There are 2 protein chains.
Amino acid sequence: MSLRRSWVDSANSADTDFPLNNLPYGVFSTAQDTQPRCGVAIGDTILDLAAVEAAGLIDLPGGPLMDLGRWNPVMAAGQEVWAALRNRLTDLLAEGAAEEGDLRPHLVAQADAVMHLPFDVAEYTDFYASYHHATNVGTMFRGAENALPPNWLSIPIGYNGRASSVCISGTDIRRPWGQLKGPNDDAPRFAPCNRFDIELELGAIVGTSSTGPVTVAQADEMIFGYVLLNDWSARDIQAWEYQPLGPFQAKATATSLSPWIVTRAALEPFRTGTPERQRDLLDYLKEPGPMLYEIDLAVDLAPDGADPVTIARTNYDQMYYSAAQQLAHHTTSGCPMRTGDLLGSGTISGPEKDQRGSLLELSWGGKEPFAVGDQTRSFVEDGDTLTLRGAAKGDGYRVGFGACTNRVQPALPDPYAR
Amino acid sequence: MSLRRSWVDSANSADTDFPLNNLPYGVFSTAQDTQPRCGVAIGDTILDLAAVEAAGLIDLPGGPLMDLGRWNPVMAAGQEVWAALRNRLTDLLAEGAAEEGDLRPHLVAQADAVMHLPFDVAEYTDFYASYHHATNVGTMFRGAENALPPNWLSIPIGYNGRASSVCISGTDIRRPWGQLKGPNDDAPRFAPCNRFDIELELGAIVGTSSTGPVTVAQADEMIFGYVLLNDWSARDIQAWEYQPLGPFQAKATATSLSPWIVTRAALEPFRTGTPERQRDLLDYLKEPGPMLYEIDLAVDLAPDGADPVTIARTNYDQMYYSAAQQLAHHTTSGCPMRTGDLLGSGTISGPEKDQRGSLLELSWGGKEPFAVGDQTRSFVEDGDTLTLRGAAKGDGYRVGFGACTNRVQPALPDPYAR
């Protein structure tokens, strides 16, 4: 597939994340109109969909669906509505569209917009499903012989995260306090996290709900779209707390998302399969077709006052399990899934050193600090700005996610000091 | 404190769970009016609070707050509103109240009511905080020498559960399918759970929200009330999946709640302290006063067609950590807490064999099946009805929780059979 041309000139550049082929959904406000509302990114602008719907230029069954500052009503409306909206937007924004004059007043420069969380997060589940990430972490903690847990090749391992801590790109991330115990400590102490980290992930967003077990094919069709996801992680808190019931406060400070939901439809040309199985999967996890996507991913780190340096590059095709497999597994117990459920892929790491999606891996547990410009890092430092970027690459165009950017703020004074 | 008398005769019995001293909050509907609405239990009746508020007999700041079928608006309104409502209800329902005639038309027999979940669950966190439960489970899995994980005496260990699976007493519980691997299996298989179990817990309900770390005293004041909570658990699924990131599908089939929220105010006379510490706690977890409650708890099991048999009796005072400590710990990372968050205490077990709050413990991992009338049990069987009961005992009265009762249905046919 090649670039589809739009009457919005900036959407026709080979370098934009948001050509007509993409049409990702977000929620924005402006200084002139501070009410958050639904919009679609096109080139370097946003089309105000609440206004366009109110003007009668889009007419969805059950509408209006875009007058609230969240995409949940569209997400719940299901695949036919998703297709109708995408088709209509493709027509409206195509080069030569008769509606150009009616639509131009509803374009807002992205530079003038404040972005908000694009949907209400119902619940958040995080997985551990990249082979190289699991192998790296397992090797560090248990040695190369026992790197992968016995169940890893059979189950997309996941745990429930904390939806209340999900925030949008641009939110400052405050270094947390927590209970931790270093390897040389006799007793635990309450202290600021000293091994604060990121995790490069893709988040899959559940559109339509389910009440019983679903197949991988059904799960794929429930997914509305994807965002970049940074699962901020306090490694020293995690090390002390996670046995026997998993990570808890180590993962509850923040999980940040890129502002634009890239729809499954936009990613369709980039489908690819999961890697060859190292152990046969049970039938319920077998994929009926390619369920991953070729998406180039990168992490930039900018020390306070310095230029950003790309510290990792990888690809979503490195996942051992797809979001559809994860979602299908999530339903096996009868667990109801709801509109707005968010599934983190798990940290995405490739086989090479510079393809690792966390500082834990890049610095090998802090033992091998790595260069960031003229500085070094083991974990993130106060004042660092971390940016995730991602795009699927087509012929002369890209379907991009925009950036997920957050700056790390120093820990507050002891919240329990008297 | 002694019994407060009400003009509702059935509320003056020493045997009712719902005297004037209690005033627990629920959501109900009837065959005549199927709209779920807020009510308060008094004796064997329910006072329809949506109707009483509409009639102008209760006037809360920011009201109406009870016209929706959920308590969240009252919960979010904060302690002053909670106190105002309880005081007003105590006056309205007291023996000799002038409003008796106005209120009588708004009484509904509990026998005629269908109960609904009393609040929208925001997120659900489950803890592992009873010393005897943790010791029993640890001994079974790791031996008596290593029963308690190293962090257990320092942290109220918790993990995030699945809010979408929380249901009300009376809901049938379907035996789940899942991926499991028995000790004698070469490979995992997808099969119905063969070790299905219950967990006797108390659930604490967060009323007011927080955005940063809170003290134990502040946490206690955020708690709106308590319910009985049965955390249904698939032990064979759990055993295979839980390393390294904790329980996931094993706990996602159902968590059932008793229908009446017993307020913190009603439990005030029954406060008691946590047991003596076996290891000093860090300052942030120290309690400024007694944060547990003396609440007698019991589990009944009725095999299909047979009478119920009490299989366990214990007390909430067996907890090593209080809900206030758990909630304070939950906020240390900066994790935002919201109105409607539900915190499960963790299985409550006492030191004696018949004080164990799960069948896993009662049957010692299935190795010591126990008698239930003329039958035996290792885990729950299809057709079994499990009932949790609980009450704080005053002088001639009880503050009861009602029952949390659910029947186990057989697993469905293979959901993935072609």
# chains A, B, ... in the order shown; residues from 1 in each chain; ligands from 1

$ interface_residues --of "chain A" --to "chain B" --cutoff "8 Å" --atoms "only C-alpha atoms" --output "PyMOL selection string"
chain A and resi 123+149+151+154-155+157-165+176-179+188-190+213-215+240-250+252-254+282+284+330-338+415-416

$ write_last_selection --atoms "C-alpha atoms" --output "PDB file, in the first residue's frame"
ATOM      1  CA  GLU A 123      -8.618  -2.132  34.112  1.00  0.00           C
ATOM      2  CA  PRO A 149      10.138 -19.909  34.183  1.00  0.00           C
ATOM      3  CA  ASN A 151       5.387 -22.000  32.278  1.00  0.00           C
ATOM      4  CA  SER A 154       3.087 -22.249  27.436  1.00  0.00           C
ATOM      5  CA  ILE A 155       1.336 -19.208  28.932  1.00  0.00           C
ATOM      6  CA  ILE A 157       2.268 -14.609  31.710  1.00  0.00           C
ATOM      7  CA  GLY A 158       0.371 -11.570  32.944  1.00  0.00           C
ATOM      8  CA  TYR A 159      -0.593  -9.782  36.125  1.00  0.00           C
ATOM      9  CA  ASN A 160      -3.119  -7.130  36.969  1.00  0.00           C
ATOM     10  CA  GLY A 161      -1.761  -3.590  37.161  1.00  0.00           C
ATOM     11  CA  ARG A 162      -3.273  -0.440  38.524  1.00  0.00           C
ATOM     12  CA  ALA A 163      -5.577   1.521  36.188  1.00  0.00           C
ATOM     13  CA  SER A 164      -5.652   4.579  38.476  1.00  0.00           C
ATOM     14  CA  SER A 165      -1.960   5.181  37.797  1.00  0.00           C
ATOM     15  CA  PRO A 176       8.485   7.155  44.300  1.00  0.00           C
ATOM     16  CA  TRP A 177       9.237   6.261  47.874  1.00  0.00           C
ATOM     17  CA  GLY A 178       8.760   2.693  48.943  1.00  0.00           C
ATOM     18  CA  GLN A 179       9.732  -0.156  51.186  1.00  0.00           C
ATOM     19  CA  PRO A 188      14.074  -3.089  54.996  1.00  0.00           C
ATOM     20  CA  ARG A 189      13.775   0.683  55.015  1.00  0.00           C
ATOM     21  CA  PHE A 190      11.405   3.293  53.644  1.00  0.00           C
ATOM     22  CA  PRO A 213     -13.775 -17.441  26.996  1.00  0.00           C
ATOM     23  CA  VAL A 214     -13.006 -16.082  23.515  1.00  0.00           C
ATOM     24  CA  THR A 215     -10.791 -17.465  20.772  1.00  0.00           C
ATOM     25  CA  TRP A 240      11.814  -6.905  47.886  1.00  0.00           C
ATOM     26  CA  GLU A 241       8.043  -7.104  47.456  1.00  0.00           C
ATOM     27  CA  TYR A 242       7.388  -9.408  44.506  1.00  0.00           C
ATOM     28  CA  GLN A 243       7.645 -12.808  46.157  1.00  0.00           C
ATOM     29  CA  PRO A 244       5.240 -14.594  46.283  1.00  0.00           C
ATOM     30  CA  LEU A 245       2.371 -12.632  44.697  1.00  0.00           C
ATOM     31  CA  GLY A 246       4.007 -10.459  42.063  1.00  0.00           C
ATOM     32  CA  PRO A 247       4.781  -6.769  41.559  1.00  0.00           C
ATOM     33  CA  PHE A 248       2.550  -4.321  43.432  1.00  0.00           C
ATOM     34  CA  GLN A 249       3.788  -0.889  44.542  1.00  0.00           C
ATOM     35  CA  ALA A 250       6.805  -1.163  42.218  1.00  0.00           C
ATOM     36  CA  ALA A 252       1.817   1.571  40.789  1.00  0.00           C
ATOM     37  CA  THR A 253       3.496   4.976  40.445  1.00  0.00           C
ATOM     38  CA  ALA A 254       2.722   5.548  36.784  1.00  0.00           C
ATOM     39  CA  LEU A 282      -2.258 -25.579  23.513  1.00  0.00           C
ATOM     40  CA  TYR A 284      -6.721 -22.326  22.549  1.00  0.00           C
ATOM     41  CA  HIS A 330      -7.181 -13.465  29.850  1.00  0.00           C
ATOM     42  CA  THR A 331     -10.729 -14.739  29.257  1.00  0.00           C
ATOM     43  CA  THR A 332     -10.146 -18.463  29.885  1.00  0.00           C
ATOM     44  CA  SER A 333     -11.263 -18.314  33.521  1.00  0.00           C
ATOM     45  CA  GLY A 334     -14.497 -16.599  32.534  1.00  0.00           C
ATOM     46  CA  CYS A 335     -12.986 -13.215  33.461  1.00  0.00           C
ATOM     47  CA  PRO A 336     -15.237 -10.529  31.944  1.00  0.00           C
ATOM     48  CA  MET A 337     -13.405  -8.049  29.712  1.00  0.00           C
ATOM     49  CA  ARG A 338     -14.772  -4.548  29.306  1.00  0.00           C
ATOM     50  CA  PRO A 415       5.838  11.896  53.114  1.00  0.00           C
ATOM     51  CA  TYR A 416       5.715  10.448  56.639  1.00  0.00           C
TER      52      TYR A 416
END

$ residues_around --residues "A:Ile311" --least-positions-apart "4" --cutoff "10 Å" --atoms "only C-alpha atoms" --output "list in words"
Ala298, Val299, Asp300, Leu301, Ala302, Asp354, Gln355, Arg356, Gly357, Ser358, Leu359, Leu362, Phe370, Ala371, Val372, Gly373 and Leu386 of chain A

$ write_last_selection --atoms "C-alpha atoms" --output "mmCIF file, in the first residue's frame"
data_model
loop_
_atom_site.group_PDB
_atom_site.id
_atom_site.type_symbol
_atom_site.label_atom_id
_atom_site.label_comp_id
_atom_site.auth_asym_id
_atom_site.auth_seq_id
_atom_site.Cartn_x
_atom_site.Cartn_y
_atom_site.Cartn_z
ATOM 1 C CA ALA A 298 12.772 3.404 19.927
ATOM 2 C CA VAL A 299 13.615 4.873 23.329
ATOM 3 C CA ASP A 300 15.264 8.290 23.656
ATOM 4 C CA LEU A 301 16.827 9.578 26.852
ATOM 5 C CA ALA A 302 17.568 13.288 27.293
ATOM 6 C CA ASP A 354 20.951 -2.043 21.906
ATOM 7 C CA GLN A 355 17.500 -3.602 21.389
ATOM 8 C CA ARG A 356 16.640 -3.842 25.073
ATOM 9 C CA GLY A 357 13.507 -2.070 26.228
ATOM 10 C CA SER A 358 14.475 -1.289 29.817
ATOM 11 C CA LEU A 359 17.473 0.251 31.573
ATOM 12 C CA LEU A 362 20.631 -2.035 29.016
ATOM 13 C CA PHE A 370 25.987 2.613 29.383
ATOM 14 C CA ALA A 371 26.823 5.866 27.629
ATOM 15 C CA VAL A 372 24.189 8.531 27.054
ATOM 16 C CA GLY A 373 26.018 11.293 25.195
ATOM 17 C CA LEU A 386 12.304 9.562 28.459
#

$ select_by_dssp --residues "stretch 83-298 of chain A" --states "strand (DSSP E)" --output "NGL selection string"
:A and (107-109 or 113-116 or 124-127 or 158-160 or 166-168 or 173-174 or 177-180 or 189-192 or 196-197 or 200-206 or 223-231 or 233-234 or 255-257 or 262-263 or 271-272 or 292-293 or 296-298)

$ atom_distance --atom1 "atom CA of A:Asp317" --atom2 "atom CA of A:Pro275"
8.0 Å

$ residues_around --residues "stretch 91-100 of chain A" --least-positions-apart "4" --cutoff "9 Å" --atoms "only C-alpha atoms" --output "VMD selection string"
chain A and resid 4 to 8 20 42 57 86 to 87 104

$ residues_around --residues "B:Ala50" --least-positions-apart "3" --cutoff "6 Å" --atoms "only C-alpha atoms" --output "list in words"
Cys38, Glu53, Met66 and Asp67 of chain B

$ write_last_selection --atoms "N, CA, C and O atoms" --output "compact mmCIF listing (two decimals), in the first residue's frame"
# COMPACT_ATOMS: atom_id res chain seq x y z
N CYS B 38 -30.94 2.53 46.39
CA CYS B 38 -30.24 2.43 47.68
C CYS B 38 -31.23 2.16 48.80
O CYS B 38 -32.34 2.73 48.83
N GLU B 53 -35.41 9.89 50.39
CA GLU B 53 -34.71 11.11 49.99
C GLU B 53 -35.61 11.95 49.06
O GLU B 53 -35.72 13.17 49.22
N MET B 66 -28.78 9.36 46.65
CA MET B 66 -29.15 7.94 46.73
C MET B 66 -30.16 7.54 45.67
O MET B 66 -30.84 6.53 45.80
N ASP B 67 -30.26 8.34 44.60
CA ASP B 67 -31.24 8.04 43.57
C ASP B 67 -30.69 7.11 42.50
O ASP B 67 -31.43 6.63 41.65
